[in-house]
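K.L.:
Questions regarding the structure given below will be posed in turn.
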Amino acid sequence: MHYRQTFLAFRHLLSRIRDVMAGADDPEARLGRIVGIIAEEMAAEVCSIYLRRAGEVLELFATRGLRESAVHYTRLRIGEGLIGEIAASGRPLALADAQHHPSFVLRPETGEEIYQSLMGVPIIARGRVLGVVAVQNQERRQYSDDEIEVLQTVAMVLAELVASGELVSRAELTPTEGIAVTPLRLEGVSLNAGLAIGTAVQHRPRITIRRIVADDTGIEHERLRRAVTEMHGSLDDILEHTMPGRGDEYRDVLETYRMIAADVGWLRRIGDAIDTGLTAEAAVQKVANEIRARFHQVSDPILRERVYDLEDLSNRLLQHLLGSIGESHELPEGVDAILVARNMGPAELLDYDVGRLKGLILEEGSFNAHVSIVARALDIPVIGQVRRALSRIEAGDTVILDGQHGQVFVRPSEHIREAFATNLEIRNRKQAAYVAERDAPAVTRDGVRVMLNINAGLLVDLPHVAEFGADGVGLYRTEVPFMARTELPDVENQRVLYARVLDYAAGKPVVFRTLDIGGDKVLPHWERLAEENPAMGWRAIRVALDRPALLRQQLRAMIRAAALTDLKVMFPMVADVEEFRFARRLFDQELQREARLRGPLPRTLRVGAMLEVPALVLQLDSLLAEADFISVGTNDLAQFLFASDRGSARMASRYDSLSPVFLDLLSDIVRRCRNAGVSVSLCGEMAGRPLDAMALVGIGYRDLSLPPFAVGPVRAMVRSLALGQLEAFMQEARLTREPTIRTKLVAFARDHAITI
Ligand code: PEP
Ligand code: MG
């Protein structure tokens, strides 16, 4: 359809619906008239509305075109049939040949067998699917994007009617599964470890849009302009008042956020929606719905973050437009709160009194999301991807959040509550003990020293070197600060950052890893490629070798930051010795350049490679002739060895880091490095798990790099260990044909009183 035609038809449809909404009919009658209008205006033979009822079912509430007798009779489970699928996914569906779609389920009582095409969209209010509105046609009709948009806007109007509770009671609209007093255990993904017990507080932006159709678009544009200005003012306030002492990356995250708020593309789309005849608030909501629908299935974590940020900002903008800013962010008095949200942005989290926030549970959420980064900086445990958390956890419920294992206990029994209270106390006491023991060296009972370094990326990680008495920083992931910045930092900015890292380490060694970008770690200011297998794509050293200027600048900044002190640099994802050679040549060139131009140079220099790709392990001897040190990145090495995506929840327990195959490989590496006289450390996540770390020490590793909070537990393990016995045991245990020696190792630790 031509734009102008669409535009006029759309206004006509909206104004007819507005008249019905303003009329005196009861809600069901209004629904009946609305399906009639939609069918007429959209030239469809059928229009039906299904609403969600308790028990996770969708009930046919109104129809034009299907049999009247099916109303309140036809029911589909969420996920059942095309209508159920639209509700389950929260996304529109438009099919010219609906009957041959694999999800199609025929309900003969409706008489729908003669309709071939179907277009349906979810009715969503406050992030929850309340129902589905669908049109059907007898002929095979291709519905256009414009038509989907029109139906989505109509669904917005319907959402308000449904959310008012006049059609289906509010109690049913917020279904809880099971009886409220039953304890529940929910699973998710740990986004920040830690343990918390508290009272659930639901985070739902309380936004009700009453006016959808504008009387005067000029006024709506002006309202939008004013609300945007106000929103910027309030974001500036948050930045100014909550920042001191939180660290640079934390600030960068919020700066990025403020920048998104000024995104002209987003604001222009809202403006365009106002031009179609919507009020400012309806326009903001419409654009938010569109973004949400379009990016619903995007798996790229960085892109998803942007979508979350935009959603958060849409909510803030709506609150400014409706004059309700700040209303929904009160925590109940006198309780430790655990916040439950579909998702949220960093600024929204900071709107709460973070001192009283003990934990965060998200239905969505990802490790790299800004809200997770901020929560980590504030030391708030977070569990993400907890399915239907908002409908299964009620406000006021007691909740235990076990960030370590990614589980949530809702309304726990007295027994579990006590166990966790004890656990929490033990954990607090343990952490305090780890801090107190920071000066005790990690030496086994038979006198073998194991170096324990930390893995760091944010500046907030660095005080932990001193706090937990680590031996240094074994892996400084330079891409982390890059990811939080809006622009590529120049050489001077990088120099300042690296110099601060060295300052924090206070003379202890730091291993800087050059940028490991690409793959899923895309920088906001860096070109991105659509790749089928990004983890095996254009990332890390591969990017650096194709764009040497970036690597050279980074090396220059490192050389300058380490003037007169020791510099250790390593390259990630090397797959071939030639790549290492090339990168090392760039390093030497930078060194010569600095010597010529300015000096002073670092006191000592060591250039190493990460061992993360099996092909490089097969070239280890030639690598050892050229590298000053090796760091084994078991996260990637295991991923490529087992061809098993490290980020996939389904793969997580399929291959064990304690498999004899993997341990044999790791043992071979450490032996060959030692024979060549090249130092080797291991910096994957497994080094932070006491049992895994025990196995690593048992096969010869003496230098581990681990997450900061794991230093205490791993040190305790080392100090309780008699290495001689373990080494003999490991030789024997690795001969097994079983896929893992984990159980055997647990028994060994128990029998020998090793703290794991
Ligand atoms: C690894 O792959 O083990 C590693 C330490 O690097 P990253 O986790 O940053 O990929
Ligand atoms: Mg890696």
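Ordering of the structure tokens sets the chain letters (A, B, ...); residue numbers start at 1 within each chain; ligands are numbered from 1 in the order shown.
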Determine, counting only C-alpha atoms, which protein, DNA and RNA residues have an atom within 9 Å of an atom of A:Thr217; residues of the same chain fewer than 2 positions away are not included. Present the result as a list in words.
P.N.:
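Answer for this query is Ala214, Asp215, Ile219, Glu220, His221, Glu222, Ile274, Asp275, Thr276, Gly277, Leu278, Thr279 and Ala280 of chain A.
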K.L.:
Go ahead and save the picked residues with all heavy atoms, as an mmCIF file, in the first residue's frame.
P.N.:
data_model
loop_
_atom_site.group_PDB
_atom_site.id
_atom_site.type_symbol
_atom_site.label_atom_id
_atom_site.label_comp_id
_atom_site.auth_asym_id
_atom_site.auth_seq_id
_atom_site.Cartn_x
_atom_site.Cartn_y
_atom_site.Cartn_z
ATOM 1 N N ALA A 214 -3.908 11.249 18.979
ATOM 2 C CA ALA A 214 -3.634 12.661 19.258
ATOM 3 C C ALA A 214 -4.764 13.556 18.758
ATOM 4 O O ALA A 214 -5.364 13.273 17.724
ATOM 5 C CB ALA A 214 -2.334 13.054 18.576
ATOM 6 N N ASP A 215 -5.039 14.624 19.526
ATOM 7 C CA ASP A 215 -5.968 15.638 19.027
ATOM 8 C C ASP A 215 -5.206 16.620 18.153
ATOM 9 O O ASP A 215 -5.721 17.142 17.179
ATOM 10 C CB ASP A 215 -6.611 16.386 20.206
ATOM 11 C CG ASP A 215 -7.419 15.421 21.068
ATOM 12 O OD1 ASP A 215 -8.037 14.508 20.482
ATOM 13 O OD2 ASP A 215 -7.397 15.557 22.305
ATOM 14 N N ILE A 219 1.051 19.637 19.442
ATOM 15 C CA ILE A 219 1.160 19.598 20.907
ATOM 16 C C ILE A 219 1.946 18.355 21.343
ATOM 17 O O ILE A 219 2.782 18.405 22.239
ATOM 18 C CB ILE A 219 -0.251 19.602 21.555
ATOM 19 C CG1 ILE A 219 -0.924 20.951 21.279
ATOM 20 C CG2 ILE A 219 -0.175 19.329 23.056
ATOM 21 C CD1 ILE A 219 -2.339 21.060 21.793
ATOM 22 N N GLU A 220 1.694 17.258 20.649
ATOM 23 C CA GLU A 220 2.384 16.012 21.032
ATOM 24 C C GLU A 220 3.895 16.117 20.781
ATOM 25 O O GLU A 220 4.695 15.653 21.580
ATOM 26 C CB GLU A 220 1.807 14.816 20.266
ATOM 27 C CG GLU A 220 0.330 14.555 20.528
ATOM 28 C CD GLU A 220 -0.004 14.373 22.016
ATOM 29 O OE1 GLU A 220 0.797 13.760 22.742
ATOM 30 O OE2 GLU A 220 -1.078 14.864 22.438
ATOM 31 N N HIS A 221 4.269 16.738 19.661
ATOM 32 C CA HIS A 221 5.707 16.927 19.398
ATOM 33 C C HIS A 221 6.337 17.764 20.507
ATOM 34 O O HIS A 221 7.441 17.485 20.967
ATOM 35 C CB HIS A 221 5.918 17.621 18.048
ATOM 36 C CG HIS A 221 5.856 16.668 16.881
ATOM 37 N ND1 HIS A 221 6.774 15.667 16.692
ATOM 38 C CD2 HIS A 221 4.962 16.561 15.858
ATOM 39 C CE1 HIS A 221 6.459 14.982 15.591
ATOM 40 N NE2 HIS A 221 5.358 15.503 15.075
ATOM 41 N N GLU A 222 5.610 18.798 20.933
ATOM 42 C CA GLU A 222 6.130 19.673 21.977
ATOM 43 C C GLU A 222 6.265 18.911 23.311
ATOM 44 O O GLU A 222 7.258 19.031 24.031
ATOM 45 C CB GLU A 222 5.183 20.892 22.131
ATOM 46 C CG GLU A 222 5.561 21.884 23.223
ATOM 47 C CD GLU A 222 7.013 22.392 23.125
ATOM 48 O OE1 GLU A 222 7.578 22.365 22.027
ATOM 49 O OE2 GLU A 222 7.557 22.760 24.187
ATOM 50 N N ILE A 274 4.329 9.961 15.923
ATOM 51 C CA ILE A 274 3.395 11.036 16.289
ATOM 52 C C ILE A 274 2.728 11.566 15.018
ATOM 53 O O ILE A 274 1.520 11.813 14.990
ATOM 54 C CB ILE A 274 4.128 12.174 17.047
ATOM 55 C CG1 ILE A 274 4.597 11.680 18.416
ATOM 56 C CG2 ILE A 274 3.222 13.403 17.186
ATOM 57 C CD1 ILE A 274 5.341 12.707 19.239
ATOM 58 N N ASP A 275 3.519 11.700 13.951
ATOM 59 C CA ASP A 275 2.957 12.190 12.687
ATOM 60 C C ASP A 275 1.833 11.304 12.164
ATOM 61 O O ASP A 275 0.972 11.753 11.421
ATOM 62 C CB ASP A 275 4.055 12.294 11.616
ATOM 63 C CG ASP A 275 4.935 13.513 11.837
ATOM 64 O OD1 ASP A 275 4.457 14.475 12.495
ATOM 65 O OD2 ASP A 275 6.094 13.502 11.378
ATOM 66 N N THR A 276 1.852 10.033 12.525
ATOM 67 C CA THR A 276 0.769 9.163 12.047
ATOM 68 C C THR A 276 -0.503 9.346 12.872
ATOM 69 O O THR A 276 -1.506 8.681 12.628
ATOM 70 C CB THR A 276 1.148 7.661 12.098
ATOM 71 O OG1 THR A 276 1.309 7.278 13.469
ATOM 72 C CG2 THR A 276 2.387 7.342 11.327
ATOM 73 N N GLY A 277 -0.452 10.208 13.890
ATOM 74 C CA GLY A 277 -1.672 10.509 14.638
ATOM 75 C C GLY A 277 -1.686 9.972 16.052
ATOM 76 O O GLY A 277 -2.724 9.999 16.715
ATOM 77 N N LEU A 278 -0.541 9.486 16.547
ATOM 78 C CA LEU A 278 -0.514 8.969 17.912
ATOM 79 C C LEU A 278 -0.128 10.063 18.899
ATOM 80 O O LEU A 278 0.536 11.040 18.539
ATOM 81 C CB LEU A 278 0.511 7.836 18.024
ATOM 82 C CG LEU A 278 0.230 6.565 17.223
ATOM 83 C CD1 LEU A 278 1.379 5.578 17.405
ATOM 84 C CD2 LEU A 278 -1.075 5.917 17.664
ATOM 85 N N THR A 279 -0.503 9.857 20.154
ATOM 86 C CA THR A 279 -0.016 10.758 21.199
ATOM 87 C C THR A 279 1.457 10.448 21.425
ATOM 88 O O THR A 279 1.946 9.393 21.019
ATOM 89 C CB THR A 279 -0.759 10.525 22.532
ATOM 90 O OG1 THR A 279 -0.571 9.154 22.897
ATOM 91 C CG2 THR A 279 -2.227 10.847 22.437
ATOM 92 N N ALA A 280 2.154 11.360 22.130
ATOM 93 C CA ALA A 280 3.589 11.156 22.345
ATOM 94 C C ALA A 280 3.829 9.846 23.081
ATOM 95 O O ALA A 280 4.713 9.066 22.718
ATOM 96 C CB ALA A 280 4.158 12.332 23.137
#
K.L.:
Stretch 44-186 of chain A: which residues are alpha helix (DSSP H) by DSSP, as an MDAnalysis selection string?
P.N.:
chainID A and resid 81:89 145:163 170:173
K.L.:
Please report the interatomic distance between atom CA of A:Leu235 and atom CA of A:Gly218 in Å with one decimal.
P.N.:
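Atom-to-atom, atom CA of A:Leu235 to atom CA of A:Gly218, that is 26.2 Å.
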K.L.:
Hey, which residues come within 10 Å of ligand 1 if we count only C-alpha atoms and all ligand atoms? Could you give them as a ChimeraX atom specification?
P.N.:
/A:455-457,474-480,513,515-517,521,535,540,572-573,610-613,631-640,646,682-687,705-706
K.L.:
Restricted to C-alpha atoms, what would the selected residues look like written as an mmCIF file, in the first residue's frame?
P.N.:
data_model
loop_
_atom_site.group_PDB
_atom_site.id
_atom_site.type_symbol
_atom_site.label_atom_id
_atom_site.label_comp_id
_atom_site.auth_asym_id
_atom_site.auth_seq_id
_atom_site.Cartn_x
_atom_site.Cartn_y
_atom_site.Cartn_z
ATOM 1 C CA ASN A 455 41.912 -12.189 36.208
ATOM 2 C CA ALA A 456 40.804 -8.582 35.863
ATOM 3 C CA GLY A 457 39.115 -6.300 33.384
ATOM 4 C CA GLY A 474 47.680 -13.007 35.504
ATOM 5 C CA LEU A 475 45.239 -11.816 32.884
ATOM 6 C CA TYR A 476 44.200 -8.236 32.317
ATOM 7 C CA ARG A 477 41.507 -8.347 29.626
ATOM 8 C CA THR A 478 42.020 -5.031 27.849
ATOM 9 C CA GLU A 479 38.852 -5.361 25.786
ATOM 10 C CA VAL A 480 36.670 -4.924 28.852
ATOM 11 C CA ARG A 513 46.432 -9.266 27.073
ATOM 12 C CA LEU A 515 42.452 -6.777 22.583
ATOM 13 C CA ASP A 516 40.342 -9.893 22.305
ATOM 14 C CA ILE A 517 37.602 -8.219 20.307
ATOM 15 C CA LYS A 521 32.827 -9.050 22.001
ATOM 16 C CA ALA A 535 33.804 -17.444 18.218
ATOM 17 C CA ALA A 540 41.406 -11.217 18.703
ATOM 18 C CA PRO A 572 45.035 -14.004 22.455
ATOM 19 C CA MET A 573 43.700 -16.678 20.080
ATOM 20 C CA MET A 610 47.784 -17.572 24.971
ATOM 21 C CA LEU A 611 47.302 -21.215 24.215
ATOM 22 C CA GLU A 612 43.635 -21.410 23.303
ATOM 23 C CA VAL A 613 43.561 -23.112 19.896
ATOM 24 C CA SER A 631 49.209 -18.763 29.295
ATOM 25 C CA VAL A 632 46.709 -21.557 28.788
ATOM 26 C CA GLY A 633 43.191 -20.218 28.192
ATOM 27 C CA THR A 634 41.135 -23.261 29.059
ATOM 28 C CA ASN A 635 37.813 -21.576 28.347
ATOM 29 C CA ASP A 636 38.548 -21.379 24.661
ATOM 30 C CA LEU A 637 40.845 -24.387 24.502
ATOM 31 C CA ALA A 638 38.098 -26.672 25.842
ATOM 32 C CA GLN A 639 35.549 -25.028 23.563
ATOM 33 C CA PHE A 640 37.621 -25.787 20.476
ATOM 34 C CA ARG A 646 31.361 -22.248 25.887
ATOM 35 C CA LEU A 682 46.685 -21.181 33.290
ATOM 36 C CA CYS A 683 44.004 -18.533 33.303
ATOM 37 C CA GLY A 684 40.662 -20.139 32.363
ATOM 38 C CA GLU A 685 37.684 -20.149 34.726
ATOM 39 C CA MET A 686 38.462 -23.703 35.858
ATOM 40 C CA ALA A 687 41.447 -22.377 37.817
ATOM 41 C CA SER A 705 45.101 -16.929 37.326
ATOM 42 C CA LEU A 706 41.538 -16.829 38.597
#
K.L.:
Got a sec: who's within 7 Å of stretch 332-341 of chain A, counting only C-alpha atoms, leaving out chain neighbours fewer than 4 positions off, as a PyMOL selection string?
P.N.:
chain A and resi 198-204+356-363+390
K.L.:
Between atom CA of A:Asp446 and atom CA of A:Ala749, what distance in Å does the model show, to one decimal?
P.N.:
15.8 Å
K.L.:
Enter the distance from atom CA of A:Phe367 to atom CA of A:Gly90, in Å, rounded to one decimal.
P.N.:
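Rounded to one decimal, the two atoms are 22.8 Å apart.
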